[in-house]
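Below: coords16.txt (compact mmCIF, C-alpha atoms and all ligand atoms)
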# COMPACT_ATOMS: atom_id res chain seq x y z
CA MET Y 925 0.00 0.00 0.00
CA GLU Y 926 1.42 3.36 -1.01
CA VAL Y 927 0.46 6.23 1.30
CA VAL Y 928 0.77 9.69 -0.22
CA ILE Y 929 0.41 12.54 2.27
CA VAL Y 930 -0.50 15.86 0.68
CA GLN Y 931 -1.09 19.40 1.92
CA ASN Y 932 -4.71 19.59 0.86
CA SER Y 933 -7.39 18.08 -1.35
CA GLU Y 934 -6.31 20.28 -4.33
CA GLN Y 935 -2.87 18.71 -4.30
CA GLY Y 936 -4.35 15.23 -3.72
CA SER Y 937 -6.78 15.66 -6.61
CA GLU Y 938 -3.96 16.78 -8.90
CA ILE Y 939 -2.00 13.62 -8.09
CA ALA Y 940 -5.12 11.47 -8.53
CA ALA Y 941 -5.93 13.15 -11.86
CA ASN Y 942 -2.41 12.45 -13.07
CA ILE Y 943 -2.72 8.79 -12.10
CA ILE Y 944 -5.91 8.58 -14.19
CA LYS Y 945 -4.27 10.46 -17.05
CA SER Y 946 -1.34 8.05 -17.04
CA GLN Y 947 -3.75 5.07 -16.98
CA LEU Y 948 -5.62 6.44 -20.03
CA THR Y 949 -2.37 7.21 -21.83
CA LYS Y 950 -1.28 3.60 -21.35
CA LYS Y 951 -4.69 2.19 -22.27
CA SER Y 952 -7.23 4.41 -23.99
CA ARG Y 953 -9.96 1.77 -23.53
CA SER Y 954 -9.53 1.67 -19.78
CA VAL Y 955 -12.32 0.68 -17.43
CA LEU Y 956 -12.60 3.07 -14.51
CA GLY Y 957 -14.50 2.50 -11.28
CA LEU Y 958 -15.90 5.77 -9.95
CA ALA Y 959 -17.09 7.12 -6.62
CA THR Y 960 -19.42 9.95 -5.63
CA GLY Y 961 -19.59 12.13 -2.49
CA GLN Y 962 -17.52 15.12 -1.47
CA THR Y 963 -14.09 13.53 -1.82
CA PRO Y 964 -13.74 13.13 -5.61
CA LEU Y 965 -15.34 16.46 -6.56
CA LEU Y 966 -12.06 18.28 -7.14
CA LEU Y 967 -10.68 15.28 -8.97
CA TYR Y 968 -13.59 15.43 -11.42
CA LYS Y 969 -13.09 19.19 -11.78
CA ARG Y 970 -9.42 18.66 -12.61
CA LEU Y 971 -10.21 15.86 -15.08
CA ILE Y 972 -12.73 18.12 -16.82
CA GLU Y 973 -10.01 20.78 -17.22
CA MET Y 974 -7.57 18.18 -18.52
CA ASN Y 975 -10.18 16.93 -20.97
CA LYS Y 976 -10.84 20.46 -22.24
CA SER Y 977 -7.14 21.02 -22.82
CA ASP Y 978 -6.85 17.63 -24.61
CA GLU Y 979 -4.60 16.14 -21.96
CA VAL Y 980 -7.01 13.28 -21.31
CA ASN Y 981 -9.47 11.65 -23.63
CA PHE Y 982 -12.47 9.74 -22.28
CA SER Y 983 -13.99 8.79 -25.63
CA LYS Y 984 -13.04 5.11 -25.35
CA VAL Y 985 -13.35 4.81 -21.60
CA THR Y 986 -15.91 2.66 -19.80
CA THR Y 987 -16.95 3.54 -16.25
CA PHE Y 988 -18.75 1.72 -13.47
CA ASN Y 989 -19.95 3.60 -10.42
CA LEU Y 990 -19.69 2.03 -7.01
CA ASP Y 991 -23.19 2.53 -5.75
CA GLU Y 992 -26.68 3.97 -6.01
CA TYR Y 993 -29.60 4.64 -3.68
CA LEU Y 994 -32.46 2.19 -4.02
CA GLY Y 995 -35.66 3.97 -5.01
CA LEU Y 996 -34.02 7.00 -6.65
CA SER Y 997 -34.28 7.37 -10.40
CA ALA Y 998 -31.44 8.74 -12.52
CA SER Y 999 -33.35 12.02 -12.86
CA ASN Y 1000 -33.68 12.47 -9.10
CA GLU Y 1001 -31.28 15.19 -7.97
CA ASP Y 1002 -30.24 13.08 -4.97
CA SER Y 1003 -29.27 10.05 -7.04
CA TYR Y 1004 -25.69 9.25 -7.83
CA ALA Y 1005 -26.59 9.04 -11.52
CA TYR Y 1006 -27.55 12.72 -11.33
CA TYR Y 1007 -24.39 13.56 -9.37
CA MET Y 1008 -22.20 11.88 -12.00
CA ARG Y 1009 -23.93 13.64 -14.87
CA GLU Y 1010 -23.72 17.05 -13.21
CA ASN Y 1011 -20.22 16.79 -11.78
CA PHE Y 1012 -18.46 14.89 -14.50
CA PHE Y 1013 -20.11 13.16 -17.43
CA LYS Y 1014 -21.83 16.18 -19.00
CA SER Y 1015 -18.53 18.07 -19.14
CA VAL Y 1016 -16.23 15.44 -20.71
CA ASN Y 1017 -16.17 13.53 -23.98
CA ILE Y 1018 -17.29 10.24 -22.48
CA ASP Y 1019 -19.65 7.92 -24.37
CA LEU Y 1020 -22.67 7.88 -22.03
CA ASP Y 1021 -23.59 4.39 -23.25
CA GLN Y 1022 -20.35 3.26 -21.66
CA ALA Y 1023 -20.93 4.97 -18.32
CA PHE Y 1024 -22.67 2.45 -16.11
CA LEU Y 1025 -24.47 2.89 -12.81
CA LEU Y 1026 -26.63 0.52 -10.86
CA ASP Y 1027 -30.33 1.20 -11.46
CA GLY Y 1028 -31.87 2.53 -8.25
CA MET Y 1029 -35.36 1.93 -9.68
CA THR Y 1030 -34.87 -1.77 -10.36
CA THR Y 1031 -37.68 -4.09 -9.35
CA ASP Y 1032 -35.34 -7.07 -9.34
CA VAL Y 1033 -32.35 -6.25 -7.14
CA GLU Y 1034 -30.64 -9.60 -7.48
CA ARG Y 1035 -30.82 -9.56 -11.24
CA GLU Y 1036 -29.62 -5.95 -11.44
CA CYS Y 1037 -26.62 -6.72 -9.22
CA ASN Y 1038 -25.73 -9.92 -11.06
CA GLU Y 1039 -25.95 -8.14 -14.40
CA TYR Y 1040 -23.67 -5.39 -13.12
CA GLU Y 1041 -21.09 -7.99 -12.12
CA TYR Y 1042 -21.45 -9.60 -15.53
CA LYS Y 1043 -20.99 -6.28 -17.36
CA ILE Y 1044 -17.82 -5.53 -15.39
CA LYS Y 1045 -16.40 -8.96 -16.29
CA LYS Y 1046 -17.44 -8.60 -19.93
CA CYS Y 1047 -15.51 -5.32 -20.16
CA GLY Y 1048 -12.41 -7.12 -18.88
CA GLY Y 1049 -12.63 -5.92 -15.26
CA ILE Y 1050 -11.83 -2.58 -13.70
CA ASP Y 1051 -8.38 -1.16 -14.43
CA LEU Y 1052 -8.48 1.66 -11.93
CA GLN Y 1053 -10.98 2.04 -9.10
CA VAL Y 1054 -11.44 5.40 -7.36
CA LEU Y 1055 -12.64 5.16 -3.75
CA GLY Y 1056 -13.64 7.54 -0.99
CA LEU Y 1057 -13.75 6.36 2.61
CA GLY Y 1058 -16.60 6.37 5.09
CA ARG Y 1059 -16.01 7.60 8.62
CA GLU Y 1060 -16.49 4.01 9.82
CA GLY Y 1061 -14.26 2.57 7.11
CA HIS Y 1062 -16.75 1.74 4.38
CA ILE Y 1063 -15.74 1.55 0.73
CA GLY Y 1064 -18.57 1.80 -1.74
CA PHE Y 1065 -21.46 1.25 0.64
CA ASN Y 1066 -19.92 -1.82 2.21
CA GLU Y 1067 -20.62 -0.96 5.80
CA PRO Y 1068 -18.88 -2.51 8.84
CA THR Y 1069 -19.46 -6.30 9.05
CA SER Y 1070 -19.82 -6.56 5.25
CA SER Y 1071 -18.37 -9.79 3.96
CA LEU Y 1072 -14.85 -9.11 2.76
CA THR Y 1073 -15.53 -11.27 -0.31
CA SER Y 1074 -18.96 -9.81 -1.08
CA ARG Y 1075 -20.25 -9.12 -4.59
CA THR Y 1076 -22.59 -6.39 -5.82
CA ARG Y 1077 -25.76 -6.46 -3.73
CA LEU Y 1078 -28.21 -4.54 -1.57
CA LYS Y 1079 -26.95 -3.06 1.69
CA THR Y 1080 -28.55 -1.10 4.53
CA LEU Y 1081 -26.71 2.06 5.56
CA THR Y 1082 -25.56 2.59 9.15
CA PRO Y 1083 -26.99 5.49 11.17
CA GLN Y 1084 -23.52 7.11 10.94
CA THR Y 1085 -23.54 7.03 7.13
CA MET Y 1086 -27.12 8.34 7.07
CA GLU Y 1087 -26.01 11.20 9.30
CA ASP Y 1088 -22.85 11.94 7.27
CA ASN Y 1089 -24.72 11.95 3.97
CA LYS Y 1090 -27.78 13.90 5.00
CA ILE Y 1091 -26.13 17.22 4.05
CA TYR Y 1092 -26.09 16.10 0.42
CA PHE Y 1093 -29.85 15.54 0.19
CA LYS Y 1094 -31.98 18.18 -1.46
CA ASP Y 1095 -35.14 16.30 -0.52
CA ALA Y 1096 -34.85 15.81 3.25
CA THR Y 1097 -38.16 13.93 3.32
CA HIS Y 1098 -36.88 11.06 1.22
CA ARG Y 1099 -33.48 9.77 2.23
CA PRO Y 1100 -33.19 6.10 1.30
CA PHE Y 1101 -31.21 3.85 3.60
CA HIS Y 1102 -31.15 0.95 1.19
CA VAL Y 1103 -28.47 1.04 -1.47
CA LEU Y 1104 -27.01 -1.11 -4.19
CA THR Y 1105 -23.23 -1.34 -3.99
CA MET Y 1106 -20.36 -3.11 -5.64
CA GLY Y 1107 -19.09 -5.75 -3.23
CA ILE Y 1108 -15.72 -5.76 -1.53
CA GLY Y 1109 -14.71 -8.81 -3.57
CA THR Y 1110 -15.73 -6.90 -6.72
CA ILE Y 1111 -13.65 -3.85 -5.73
CA MET Y 1112 -10.67 -6.04 -4.82
CA GLU Y 1113 -10.53 -7.46 -8.36
CA SER Y 1114 -9.62 -4.01 -9.76
CA GLN Y 1115 -6.06 -3.81 -11.06
CA HIS Y 1116 -5.25 -0.60 -9.22
CA ILE Y 1117 -7.17 1.04 -6.37
CA LEU Y 1118 -6.96 4.73 -5.59
CA LEU Y 1119 -8.38 5.66 -2.19
CA MET Y 1120 -8.68 9.31 -1.23
CA ALA Y 1121 -9.58 10.75 2.18
CA TYR Y 1122 -9.44 14.33 3.38
CA GLY Y 1123 -10.16 15.99 6.70
CA GLU Y 1124 -9.88 14.97 10.35
CA ALA Y 1125 -13.23 13.16 10.30
CA LYS Y 1126 -11.46 10.47 8.26
CA ALA Y 1127 -8.35 10.13 10.48
CA GLN Y 1128 -9.60 7.18 12.53
CA ALA Y 1129 -10.82 5.26 9.49
CA ILE Y 1130 -7.50 5.91 7.75
CA VAL Y 1131 -5.31 4.62 10.57
CA GLU Y 1132 -7.50 1.52 10.86
CA THR Y 1133 -7.43 1.01 7.10
CA VAL Y 1134 -3.69 1.41 6.66
CA GLU Y 1135 -2.21 0.18 9.93
CA GLY Y 1136 -4.98 -1.67 11.73
CA PRO Y 1137 -5.82 -5.36 11.64
CA ILE Y 1138 -7.82 -6.60 8.66
CA THR Y 1139 -11.39 -6.86 9.84
CA ALA Y 1140 -14.91 -6.71 8.45
CA MET Y 1141 -15.53 -4.04 11.11
CA VAL Y 1142 -13.36 -1.76 8.94
CA PRO Y 1143 -14.13 -2.90 5.40
CA ALA Y 1144 -11.38 -0.76 3.83
CA SER Y 1145 -8.74 -2.63 5.86
CA ILE Y 1146 -9.02 -5.46 3.31
CA LEU Y 1147 -7.13 -3.17 0.92
CA GLN Y 1148 -3.98 -4.29 2.77
CA MET Y 1149 -4.40 -7.56 0.85
CA HIS Y 1150 -4.41 -5.85 -2.56
CA ASN Y 1151 -1.12 -5.57 -4.41
CA LYS Y 1152 -1.63 -2.11 -5.89
CA VAL Y 1153 -3.33 0.48 -3.71
CA THR Y 1154 -2.55 4.19 -3.62
CA VAL Y 1155 -3.92 6.02 -0.58
CA ILE Y 1156 -3.99 9.81 -0.91
CA VAL Y 1157 -4.62 11.68 2.33
CA ASP Y 1158 -4.18 15.21 3.56
CA GLU Y 1159 -2.33 15.94 6.82
CA ALA Y 1160 -5.59 15.96 8.81
CA ALA Y 1161 -6.69 12.54 7.60
CA ALA Y 1162 -3.14 11.22 8.10
CA ALA Y 1163 -2.83 12.60 11.64
CA LYS Y 1164 -3.28 9.29 13.48
CA LEU Y 1165 -0.88 7.24 11.33
CA SER Y 1166 2.17 6.02 13.26
CA LYS Y 1167 4.60 6.08 10.32
CA ILE Y 1168 3.96 9.47 8.74
CA ASP Y 1169 7.66 10.27 8.25
CA TYR Y 1170 8.27 6.91 6.65
CA TYR Y 1171 5.39 7.31 4.18
CA LYS Y 1172 6.63 10.78 3.22
CA TRP Y 1173 10.21 9.55 2.84
CA VAL Y 1174 9.12 6.66 0.62
CA TYR Y 1175 7.07 8.97 -1.61
CA GLU Y 1176 9.80 11.61 -1.88
CA ASN Y 1177 12.24 8.90 -2.92
CA LYS Y 1178 9.92 7.14 -5.33
CA PRO Y 1179 11.87 6.27 -8.50
CA HIS Y 1180 10.87 8.57 -11.35
CA TRP Y 1181 9.89 5.62 -13.56
CA GLN Y 1182 7.26 4.61 -11.02
CA ARG Y 1183 5.63 8.05 -11.01
CA PRO Y 1184 2.57 8.78 -13.15
C1 LIG R 1201 -19.66 7.05 -2.79
C2 LIG R 1201 -19.16 5.98 -1.93
C3 LIG R 1201 -18.83 6.23 -0.51
C4 LIG R 1201 -18.08 7.53 -0.27
C5 LIG R 1201 -17.76 7.71 1.20
C6 LIG R 1201 -17.08 9.04 1.47
O1 LIG R 1201 -19.90 6.58 -4.09
O2 LIG R 1201 -19.06 4.89 -2.37
O3 LIG R 1201 -18.04 5.17 -0.04
O4 LIG R 1201 -16.90 7.53 -1.02
O5 LIG R 1201 -18.94 7.65 1.93
O6 LIG R 1201 -17.97 10.06 1.20
P1 LIG R 1201 -17.50 11.58 1.16
O7 LIG R 1201 -16.52 11.67 0.06
O8 LIG R 1201 -18.73 12.37 0.89
O9 LIG R 1201 -16.88 11.86 2.48
Since I need it in another form, could you write the structure as structure tokens?
Ligand code: F6R
Amino acid sequence: MEVVIVQNSEQGSEIAANIIKSQLTKKSRSVLGLATGQTPLLLYKRLIEMNKSDEVNFSKVTTFNLDEYLGLSASNEDSYAYYMRENFFKSVNIDLDQAFLLDGMTTDVERECNEYEYKIKKCGGIDLQVLGLGREGHIGFNEPTSSLTSRTRLKTLTPQTMEDNKIYFKDATHRPFHVLTMGIGTIMESQHILLMAYGEAKAQAIVETVEGPITAMVPASILQMHNKVTVIVDEAAAAKLSKIDYYKWVYENKPHWQRP
């Protein structure tokens, strides 16, 4: 696991955008796994700029989002489909037929989830998966006690996640607590995983993810078992790590050929 400690989310998003750019330069038909929420917003902004200046080209890219609220349609402003359209897809040259999200309006959850898994496999699997981190260590919406080998399925949000996400809802009267999410096993099959976390609210989850024991109580801790994970954190999110100097030293001395 590579831990990159940055000054702020602007710097972190720049590094993340360059990792994506380098992935697309190597493989124009890359499959990207995407996240929503506050964390990747600046990354999407930076990628939009890079797309406008022809530094990155999304025309052959396929994307799969991590999760969606059950019961929200793609036109609902609180859905992740809407978020993706507004914050990213509408501003880049992506083929929208190749930008996949789970259907929050499905009447057959099991079928929808199995088909999503099938589509990911059919596209050759995810090359690069972007992740945010929940305060209790969730990735996607795999909440504590999720099976570490789980596949795409329905999950029930914890009260903590409901509380953390309530600020994002425009319609406070309808905040679903059932979601469809890629499983942890699904995420772990990605070739490269890029986890970002900013702010002190994420410090505990980060130390448990990076340095804690692997446990279903902190789903992100399973990333310790993956052979290519980049964790980008600001100083506040890194504050509880015991080896901050070591992580910084490793990154400063990273061979140039390993850099994006
Ligand atoms: C979103 C997702 C979640 C978020 C996490 C952090 O698609 O899968 O795991 O990444 O809840 O959310 P923010 O970035 O809003 O703090």
Query - Test item: residues no farther than 8 Å from ligand LIG 1201 (chain R), counting all atoms listed in the file, as number ranges by chain - result: Y: 958-964, 989-992, 1004, 1055-1059, 1062-1066, 1085, 1088-1089, 1105, 1121-1122
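Look at Ile1156 in chain Y: the protein and nucleic acid residues within 9 Å of it, using all atoms listed in the file and passing over chain neighbours fewer than 2 places away, are Glu926, Val927, Val928, Ile929, Val930, Ser933, Gly936, Ser937, Ile939, Ala940, Leu1118, Leu1119, Met1120, Ala1121, Tyr1122, Thr1154 and Asp1158 of chain Y.
For the set Y:Met1086, Y:Val955, Y:Leu1026, Y:Ala1162, the residue with the smallest atom-to-atom gap to Gly1048 in chain Y is Y:Val955, counting all atoms listed in the file.
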Report task. Identify, on the basis of all atoms listed in the file, every residue whose closest approach to Val1016 in chain Y does not exceed 9 Å; exclude the query and any residue fewer than 3 positions from it along the same chain; express the result as a PyMOL selection string. Result -> chain Y and resi 971-973+975-976+981-983+1012-1013
Using all atoms listed in the file, which residues of range 942-1055 of chain Y come within 8 Å of range 1090-1104 of chain Y, and what is the closest atom pair for each, with the distance in Å to one decimal? Give it as CSV, sorted by chain and residue number.
residue,atom,partner,partner_atom,distance
Y:Asp991,CA,Y:Leu1104,CA,5.5
Y:Glu992,CA,Y:Leu1104,CA,5.4
Y:Tyr993,CA,Y:Val1103,CA,4.4
Y:Leu994,CA,Y:Val1103,CA,4.9
Y:Gly995,CA,Y:Pro1100,CA,7.1
Y:Glu1001,CA,Y:Lys1094,CA,7.2
Y:Asp1002,CA,Y:Phe1093,CA,5.7
Y:Leu1026,CA,Y:Leu1104,CA,6.9
Y:Gly1028,CA,Y:Leu1104,CA,7.3
Y:Val1033,CA,Y:Leu1104,CA,8.0
Y:Cys1037,CA,Y:Leu1104,CA,7.5
Written file, previous selection with C-alpha atoms, as a tab-separated table (two decimals), in the frame of the given file:
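File written: result08.tsv
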chain	number	residue	atom	x	y	z
Y	991	ASP	CA	-23.19	2.53	-5.75
Y	992	GLU	CA	-26.68	3.97	-6.01
Y	993	TYR	CA	-29.60	4.64	-3.68
Y	994	LEU	CA	-32.46	2.19	-4.02
Y	995	GLY	CA	-35.66	3.97	-5.01
Y	1001	GLU	CA	-31.28	15.19	-7.97
Y	1002	ASP	CA	-30.24	13.08	-4.97
Y	1026	LEU	CA	-26.63	0.52	-10.86
Y	1028	GLY	CA	-31.87	2.53	-8.25
Y	1033	VAL	CA	-32.35	-6.25	-7.14
Y	1037	CYS	CA	-26.62	-6.72	-9.22
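Across the model, the gap from CA of Ala1125 in chain Y to CA of Val1142 in chain Y is 15.0 Å.
Straight-line separation from CA of Asn1011 in chain Y to CA of Leu966 in chain Y: 9.5 Å.
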**Report entry** Distance of CA of Ser1145 in chain Y from CA of Val1131 in chain Y, expressed in Å to one decimal place
**Finding:** 9.3 Å
Query - Among the residues Y:Thr1076, Y:Ser997, Y:Thr986, Y:Ser952, the one that comes closest to Gly1109 in chain Y [using all atoms listed in the file] - result: Y:Thr1076
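Proximity to Thr1133 in chain Y was assessed for Y:Leu1072, Y:Met1112, Y:Leu1165, Y:Leu996 counting all atoms listed in the file; the smallest distance is recorded for Y:Leu1165.
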Query raised in the report: Which one is closest to Gln1115 in chain Y: Y:Ala998, Y:Ala1129, Y:Val1174, Y:Ile1050? Count all atoms listed in the file.
Result: Y:Ile1050
